[in-house]
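Trainee: Here you go, coords01.csv (CSV, C-alpha atoms):
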chain,number,residue,atom,x,y,z
O,234,MET,CA,182.1,13.8,117.0
O,235,LYS,CA,185.4,15.1,118.4
O,236,GLU,CA,185.2,12.5,121.1
O,237,LEU,CA,184.7,9.6,118.6
O,238,PHE,CA,187.7,10.8,116.7
O,239,ALA,CA,189.9,11.0,119.9
O,240,ALA,CA,188.8,7.5,121.0
O,241,THR,CA,189.6,6.1,117.6
O,242,LEU,CA,193.0,7.8,117.7
O,243,ILE,CA,193.8,6.2,121.1
O,244,LEU,CA,192.7,2.8,119.9
O,245,ALA,CA,194.9,3.2,116.8
O,246,LEU,CA,197.8,4.1,119.1
O,247,LEU,CA,197.4,1.0,121.1
O,248,LEU,CA,197.1,-1.2,118.0
O,249,GLY,CA,200.1,0.5,116.5
O,250,CYS,CA,202.2,-0.1,119.6
O,251,SER,CA,201.1,-3.7,119.7
O,252,ALA,CA,202.0,-4.3,116.1
O,253,LEU,CA,205.4,-2.5,116.5
O,254,ALA,CA,206.2,-4.5,119.7
O,255,VAL,CA,205.5,-7.8,118.0
O,256,THR,CA,207.0,-7.2,114.5
O,257,VAL,CA,209.9,-4.9,115.3
O,258,PHE,CA,210.8,-5.8,118.9
O,259,ALA,CA,209.8,-9.5,118.6
O,260,ASP,CA,207.6,-9.2,121.7
O,261,ARG,CA,206.3,-12.7,122.6
O,262,ALA,CA,204.8,-12.2,126.0
O,263,LEU,CA,203.8,-8.6,126.8
O,264,PHE,CA,201.4,-7.3,124.2
O,265,VAL,CA,200.4,-10.9,123.3
O,266,SER,CA,199.4,-13.8,125.5
O,267,PRO,CA,202.5,-15.6,126.6
O,268,PRO,CA,202.8,-19.4,125.9
O,269,ASP,CA,202.0,-20.4,129.5
O,270,ALA,CA,198.8,-18.4,129.4
O,271,VAL,CA,197.9,-20.0,126.1
O,272,ALA,CA,198.6,-23.6,127.2
O,273,GLU,CA,196.7,-22.9,130.5
O,274,GLY,CA,193.7,-21.5,128.6
O,275,PHE,CA,193.7,-24.5,126.3
O,276,VAL,CA,193.7,-27.0,129.2
O,277,ARG,CA,191.0,-25.1,131.0
O,278,GLU,CA,188.8,-25.3,128.0
O,279,VAL,CA,189.4,-29.0,127.6
O,280,VAL,CA,188.8,-29.7,131.3
O,281,THR,CA,185.5,-27.8,131.1
O,282,ARG,CA,184.6,-29.7,127.9
O,283,ARG,CA,184.4,-26.6,125.7
O,284,TRP,CA,185.7,-28.3,122.6
O,285,ASP,CA,185.2,-25.5,120.1
O,286,ARG,CA,186.9,-23.0,122.3
O,287,ALA,CA,189.7,-25.4,123.0
O,288,ARG,CA,190.2,-25.9,119.3
O,289,ALA,CA,190.6,-22.1,118.9
O,290,TYR,CA,193.9,-22.4,120.7
O,291,LEU,CA,195.3,-25.0,118.3
O,292,ALA,CA,197.8,-24.2,115.5
O,293,SER,CA,195.9,-26.6,113.2
O,294,PRO,CA,192.4,-27.3,114.6
O,295,ASP,CA,192.0,-30.4,112.4
O,296,SER,CA,194.9,-32.1,114.0
O,297,MET,CA,192.9,-32.6,117.2
O,298,PRO,CA,189.4,-33.9,116.5
O,299,ARG,CA,186.8,-34.0,119.3
O,300,THR,CA,187.5,-37.7,120.1
O,301,LYS,CA,191.1,-36.8,120.8
O,302,LEU,CA,190.1,-33.8,123.0
O,303,GLU,CA,187.7,-36.1,124.9
O,304,ALA,CA,190.5,-38.6,125.5
O,305,LEU,CA,192.6,-35.8,126.8
O,306,ARG,CA,189.8,-34.7,129.1
O,307,SER,CA,189.3,-38.2,130.5
O,308,ARG,CA,193.1,-38.3,131.2
O,309,LEU,CA,192.9,-35.0,133.1
O,310,GLY,CA,189.7,-35.5,134.9
O,311,SER,CA,187.7,-32.7,136.4
O,312,ALA,CA,190.5,-30.5,137.7
O,313,ASP,CA,189.6,-27.1,139.3
O,314,ASN,CA,193.1,-25.8,139.6
O,315,VAL,CA,195.0,-25.4,136.3
O,316,ASP,CA,198.4,-23.8,136.4
O,317,ALA,CA,201.2,-23.5,133.8
O,318,ARG,CA,204.9,-22.8,133.7
O,319,ILE,CA,207.3,-22.5,130.8
O,320,ILE,CA,209.9,-25.3,130.6
O,321,THR,CA,211.8,-24.0,127.6
O,322,ARG,CA,211.2,-21.3,125.1
O,323,ASN,CA,212.6,-19.4,122.2
O,324,ASP,CA,211.1,-16.9,119.8
O,325,SER,CA,209.2,-19.5,117.8
O,326,ARG,CA,208.6,-22.5,120.1
O,327,ALA,CA,207.9,-23.2,123.7
O,328,ILE,CA,207.3,-26.2,125.9
O,329,VAL,CA,204.9,-25.6,128.8
O,330,GLU,CA,204.2,-27.8,131.7
O,331,VAL,CA,200.5,-27.6,132.8
O,332,ARG,CA,199.2,-28.9,136.1
O,333,ALA,CA,195.6,-29.8,136.1
O,334,GLY,CA,194.7,-30.9,139.6
O,335,SER,CA,197.1,-33.8,140.4
O,336,ARG,CA,197.9,-34.5,136.7
O,337,VAL,CA,200.7,-33.0,134.8
O,338,LEU,CA,201.1,-32.7,131.0
O,339,ARG,CA,203.4,-30.9,128.6
O,340,VAL,CA,202.1,-28.8,125.8
O,341,GLY,CA,204.1,-27.8,122.8
O,342,VAL,CA,203.3,-24.2,121.7
O,343,VAL,CA,204.4,-22.6,118.5
O,344,TRP,CA,204.5,-18.9,117.4
O,345,GLU,CA,202.2,-18.2,114.4
O,346,GLY,CA,201.6,-14.4,114.8
O,347,GLY,CA,200.4,-15.4,118.3
O,348,TRP,CA,201.2,-18.5,120.4
O,349,ARG,CA,199.2,-21.6,119.4
O,350,VAL,CA,199.1,-25.1,120.8
O,351,GLU,CA,200.8,-27.5,118.4
O,352,GLU,CA,200.9,-30.7,120.4
O,353,VAL,CA,200.1,-32.3,123.7
O,354,TYR,CA,202.7,-34.7,124.8
O,355,ALA,CA,201.6,-38.0,126.4
O,356,THR,CA,204.6,-37.9,128.7
O,357,PRO,CA,207.1,-35.2,129.5
O,358,VAL,CA,209.6,-35.1,126.6
O,359,TYR,CA,211.7,-32.0,127.1
O,360,GLY,CA,212.9,-30.2,130.2
O,361,GLY,CA,215.7,-28.1,131.5
O,362,ILE,CA,218.9,-28.0,129.5
O,363,ALA,CA,217.9,-30.9,127.3
O,364,GLY,CA,214.8,-28.9,126.2
O,365,TRP,CA,216.9,-25.8,125.6
O,366,VAL,CA,219.3,-27.8,123.4
O,367,ALA,CA,216.4,-29.4,121.6
O,368,LEU,CA,214.9,-26.0,120.8
O,369,LYS,CA,218.2,-24.5,119.7
O,370,LEU,CA,218.7,-27.5,117.4
M,276,MET,CA,204.1,-15.4,134.5
M,277,GLU,CA,206.7,-12.9,135.4
M,278,LEU,CA,205.6,-10.2,137.9
M,279,TRP,CA,207.1,-7.3,135.9
M,280,ARG,CA,205.1,-8.3,132.9
M,281,ILE,CA,201.9,-8.2,134.9
M,282,ALA,CA,202.9,-4.8,136.3
M,283,VAL,CA,203.7,-3.4,132.8
M,284,ARG,CA,200.5,-4.8,131.3
M,285,ALA,CA,198.5,-3.3,134.2
M,286,ALA,CA,200.1,0.1,133.6
M,287,ILE,CA,199.4,0.0,129.8
M,288,ALA,CA,195.8,-1.0,130.4
M,289,TYR,CA,195.4,1.7,133.0
M,290,ALA,CA,196.8,4.4,130.8
M,291,TYR,CA,194.7,3.2,127.9
M,292,LEU,CA,191.5,3.2,129.9
M,293,LEU,CA,192.3,6.6,131.4
M,294,ALA,CA,193.0,8.1,127.9
M,295,LEU,CA,189.8,6.5,126.5
M,296,THR,CA,187.7,7.8,129.4
M,297,ARG,CA,189.2,11.3,129.1
M,298,ALA,CA,188.7,11.3,125.3
M,299,SER,CA,185.1,10.2,125.6
M,300,GLY,CA,184.4,13.3,127.8
M,301,LYS,CA,182.9,11.2,130.6
M,302,SER,CA,180.8,13.1,133.1
M,303,THR,CA,181.8,13.1,136.7
M,304,ILE,CA,180.9,10.1,138.9
M,305,SER,CA,178.3,12.1,140.7
M,306,GLN,CA,176.5,12.6,137.3
M,307,ALA,CA,176.8,8.9,136.3
M,308,THR,CA,173.6,7.1,135.4
M,309,PRO,CA,173.0,3.5,136.4
M,310,PHE,CA,174.0,2.5,132.9
M,311,ASP,CA,177.4,4.3,133.2
M,312,PHE,CA,177.9,2.0,136.2
M,313,VAL,CA,177.2,-1.0,134.0
M,314,VAL,CA,179.7,0.2,131.4
M,315,SER,CA,182.3,0.6,134.1
M,316,LEU,CA,181.7,-3.0,135.2
M,317,ILE,CA,182.1,-4.3,131.7
M,318,LEU,CA,185.4,-2.4,131.3
M,319,GLY,CA,186.5,-3.7,134.7
M,320,ASP,CA,185.8,-7.3,133.5
M,321,LEU,CA,187.8,-6.7,130.3
M,322,ILE,CA,190.8,-5.4,132.1
M,323,ASP,CA,190.9,-8.5,134.2
M,324,ASP,CA,191.5,-10.7,131.1
M,325,ALA,CA,194.2,-8.3,129.9
M,326,LEU,CA,196.1,-8.3,133.2
M,327,TRP,CA,196.4,-12.1,133.3
M,328,ALA,CA,197.3,-12.2,129.6
M,329,GLU,CA,194.3,-14.3,128.7
M,330,VAL,CA,193.8,-12.1,125.7
M,331,PRO,CA,196.4,-10.0,123.8
M,332,LEU,CA,196.4,-6.3,124.7
M,333,ALA,CA,195.2,-5.5,121.1
M,334,LYS,CA,192.0,-7.6,121.6
M,335,PHE,CA,191.4,-5.9,125.0
M,336,GLY,CA,191.9,-2.5,123.3
M,337,VAL,CA,189.4,-3.3,120.6
M,338,ALA,CA,186.8,-4.6,123.0
M,339,ALA,CA,187.2,-1.7,125.4
M,340,ALA,CA,187.1,0.9,122.6
M,341,SER,CA,184.0,-0.8,121.1
M,342,ILE,CA,182.1,-0.5,124.4
M,343,VAL,CA,183.2,3.2,124.7
M,344,PHE,CA,182.3,3.9,121.1
M,345,CYS,CA,178.8,2.4,121.6
M,346,ASP,CA,178.4,4.4,124.8
M,347,LEU,CA,179.6,7.6,123.0
M,348,VAL,CA,177.3,7.1,120.0
M,349,VAL,CA,174.3,6.6,122.3
M,350,LYS,CA,175.2,9.7,124.3
M,351,LEU,CA,175.7,11.8,121.2
M,352,ALA,CA,172.4,10.6,119.7
M,353,ALA,CA,170.7,11.3,123.0
M,354,PHE,CA,172.1,14.8,123.0
M,355,ARG,CA,170.9,15.4,119.4
M,356,TRP,CA,167.5,13.8,119.6
M,357,PRO,CA,165.5,14.3,122.8
M,358,ALA,CA,163.1,11.5,122.0
M,359,PHE,CA,166.0,9.1,121.8
M,360,ARG,CA,167.3,10.4,125.1
M,361,ARG,CA,164.0,9.7,126.7
M,362,LEU,CA,164.1,6.2,125.3
M,363,VAL,CA,167.6,5.3,126.6
M,364,SER,CA,167.7,7.4,129.8
M,365,GLY,CA,164.1,8.0,130.7
M,366,ASP,CA,162.9,11.3,132.2
M,367,PRO,CA,163.4,12.9,135.6
M,368,ARG,CA,160.4,12.0,137.8
M,369,LEU,CA,158.4,14.2,140.0
M,370,VAL,CA,158.1,12.1,143.2
M,371,LEU,CA,157.1,14.8,145.7
M,372,ARG,CA,154.7,17.7,145.2
M,373,ASP,CA,153.7,20.1,148.0
M,374,GLY,CA,154.8,17.6,150.6
M,375,ILE,CA,152.8,14.7,149.1
M,376,GLU,CA,154.7,11.8,147.6
M,377,ASP,CA,153.5,10.3,144.2
M,378,ARG,CA,153.4,6.6,144.9
M,379,GLY,CA,153.0,5.7,141.2
M,380,GLN,CA,156.2,7.5,140.2
M,381,LEU,CA,158.0,6.0,143.2
M,382,ARG,CA,156.9,2.5,142.2
M,383,ARG,CA,158.2,3.2,138.6
M,384,GLU,CA,161.6,4.0,140.1
M,385,GLN,CA,161.4,1.0,142.4
M,386,LEU,CA,161.7,3.3,145.4
M,387,ASN,CA,159.7,3.0,148.6
M,388,GLU,CA,158.8,5.7,151.1
M,389,ALA,CA,161.9,4.9,153.3
M,390,ASP,CA,164.1,5.5,150.2
M,391,LEU,CA,162.5,8.9,149.6
M,392,GLU,CA,162.8,9.7,153.3
M,393,HIS,CA,166.5,8.9,153.1
M,394,LEU,CA,167.0,11.0,149.9
M,395,LEU,CA,165.3,13.9,151.6
M,396,HIS,CA,167.4,13.4,154.8
M,397,GLU,CA,170.4,13.9,152.6
M,398,LYS,CA,169.0,17.3,151.6
M,399,GLY,CA,168.5,18.1,155.3
M,400,ILE,CA,164.8,17.7,155.2
M,401,ASP,CA,163.1,15.8,158.0
M,402,ARG,CA,159.7,14.1,157.8
M,403,GLU,CA,158.0,17.0,159.5
M,404,GLN,CA,159.4,19.4,156.9
M,405,TRP,CA,158.0,17.6,153.8
M,406,SER,CA,155.3,20.2,153.5
M,407,ASP,CA,158.0,22.8,152.9
M,408,VAL,CA,158.9,21.0,149.7
M,409,HIS,CA,157.2,22.4,146.6
M,410,LEU,CA,158.7,19.9,144.1
M,411,GLY,CA,160.9,16.9,144.7
M,412,MET,CA,162.4,15.7,141.4
M,413,LEU,CA,164.3,12.4,141.0
M,414,GLU,CA,167.0,13.1,138.4
M,415,LEU,CA,168.4,10.6,135.9
M,416,ASP,CA,171.4,10.0,138.2
M,417,HIS,CA,168.9,9.1,141.0
M,418,GLU,CA,169.8,12.3,142.9
M,419,LEU,CA,166.8,14.1,144.3
M,420,SER,CA,166.5,17.8,143.4
M,421,VAL,CA,164.3,19.8,145.7
M,422,ILE,CA,162.5,23.1,145.3
M,423,LEU,CA,161.2,24.5,148.5
M,424,THR,CA,158.0,26.5,148.9
M,425,PRO,CA,158.6,30.2,149.2
M,426,GLY,CA,159.4,31.2,152.7
M,427,ALA,CA,160.8,27.8,153.7
M,428,LYS,CA,164.3,27.9,155.0
M,429,PRO,CA,166.9,25.8,153.2
M,430,ALA,CA,168.8,23.3,155.4
M,431,THR,CA,172.1,24.2,156.8
M,432,ARG,CA,175.1,21.9,156.6
M,433,ALA,CA,174.8,21.3,160.4
M,434,MET,CA,171.1,20.2,159.9
M,435,LYS,CA,172.1,17.8,157.2
M,436,GLU,CA,174.8,16.3,159.4
M,437,GLN,CA,172.3,15.9,162.2
M,438,LEU,CA,169.9,14.0,160.0
M,439,ARG,CA,172.5,11.6,158.7
Take the structure in the file and give it back as structure tokens.

Mentor:
Amino acid sequence: MKELFAATLILALLLGCSALAVTVFADRALFVSPPDAVAEGFVREVVTRRWDRARAYLASPDSMPRTKLEALRSRLGSADNVDARIITRNDSRAIVEVRAGSRVLRVGVVWEGGWRVEEVYATPVYGGIAGWVALKL
Amino acid sequence: MELWRIAVRAAIAYAYLLALTRASGKSTISQATPFDFVVSLILGDLIDDALWAEVPLAKFGVAAASIVFCDLVVKLAAFRWPAFRRLVSGDPRLVLRDGIEDRGQLRREQLNEADLEHLLHEKGIDREQWSDVHLGMLELDHELSVILTPGAKPATRAMKEQLR
């Protein structure tokens, strides 16, 4: 029984540190999945046609019905290599560029207690200094 | 993803798993059962997701702790109730008696005669010396325990090395 108590205590410590990091120290990328990992995960799920799992990444799952996800999948094709990098970011929003094979798309990610995909842009909309300015405004 | 974040995440996950393993009072690797190996594989897979930030560290923590909790509960129950222990871990099997192997028991453990020979070699016992073995017991960790017949000489370290 002593072991169960000790293991619970260690779990509580990790959860406490996580909560503290996010709420007090505004951690957005260490204890939580960073925006690029979230956008990359979302695109991976779309590419592999796992619609329900893809929807779990969305800020509002109803905003992207299956038909929209299927359209995105047909745009991306069957890419094996998915890679993401952050274009611009602040504490509440980020724009991530995701490469899926030879295709590139930009994903808007928003902080809602964890990073969530808000929008997939048809064409690149923000970038570099312009993106930084847009986010600051 | 920044390299330093990967390093810090790896260090946190490492420290967390180390603390969990110590707290759960894990037996040594040499005492590990095949299922302990499965648990280690599951934890290894979980840490992979945490390192690449595919899941938040809190989710990794909960998943890893749940596996360790389940393992602990099963081990505590097995300690308390011998019938439950037999159900989850099985029993040690007598595979060799007075130099004669029990083929039925070997089959149940999915061992063949060559495997038994290998296990006995590790104890420094050659094929010709099987008759010196009074009891050969395959323990739960798949180690072979050997009780020699009275008068038989136990193998020296040099003899074991020679057989390997």

Trainee: Taking all atoms listed in the file into account, what are the residues of chain M at most 8 Å from chain O, put as a list in words?

Mentor: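 Contact residues on the first chain: Met276, Arg280, Val283, Arg284, Tyr291, Ala294, Leu295, Ala298, Ser299, Gly300, Trp327, Ala328, Glu329, Val330, Pro331, Leu332, Ala333, Gly336, Val337, Ala340, Val343, Phe344, Leu347, Val348 and Leu351 of chain M.
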
Trainee: Determine, counting all atoms listed in the file, which protein, DNA and RNA residues have an atom within 10 Å of an atom of O:Arg308; residues of the same chain fewer than 6 positions away are not included. Present the result as a list in words.

Mentor: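 Within the cut-off, the hits are Val280, Leu302, Arg336, Val337, Leu338 and Ala355 of chain O.
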
Trainee: Using only C-alpha atoms, which protein or nucleic acid residues come within 8 Å of M:Val363? Drop anything in the same chain fewer than 3 positions from it, and give the result as an NGL selection string.

Mentor: :M and (353 or 359-360)

Trainee: To one decimal place, how far is atom CA of M:Trp405 from atom CA of M:Arg382 in Å?

Mentor: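 We find that atom CA of M:Trp405 and atom CA of M:Arg382 lie 19.1 Å from each other.
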
Trainee: What is the distance between atom CA of O:Asn314 and atom CA of O:Val342, in Å to one decimal?

Mentor: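 Atom-to-atom, atom CA of O:Asn314 and atom CA of O:Val342 are spaced 20.7 Å apart.
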
Trainee: Out of O:Val331, O:Val257, O:Val279, O:Ala292, which residue has the shortest atom-to-atom distance to O:Trp344 when counting only C-alpha atoms?

Mentor: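 Looking at the shortest contact to O:Trp344, the residue is O:Ala292.
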
Trainee: Just to confirm, what's the straight-line distance from atom CA of O:Pro298 to atom CA of O:Trp284 in Å (one decimal)?

Mentor: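 Between these atoms lies a distance of 9.1 Å.
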
Trainee: Might you pull out every residue within 8 Å of M:Gln380, with all atoms listed in the file counted and same-chain residues fewer than 6 positions away left off, and present them as a ChimeraX atom specification?

Mentor: /M:368-370

Trainee: Show which residues sit within 10 Å of O:Ala289, as an NGL selection string. Count all atoms listed in the file, and ignore same-chain residues fewer than 6 positions away.

Mentor: :O and (275 or 278 or 349-350)
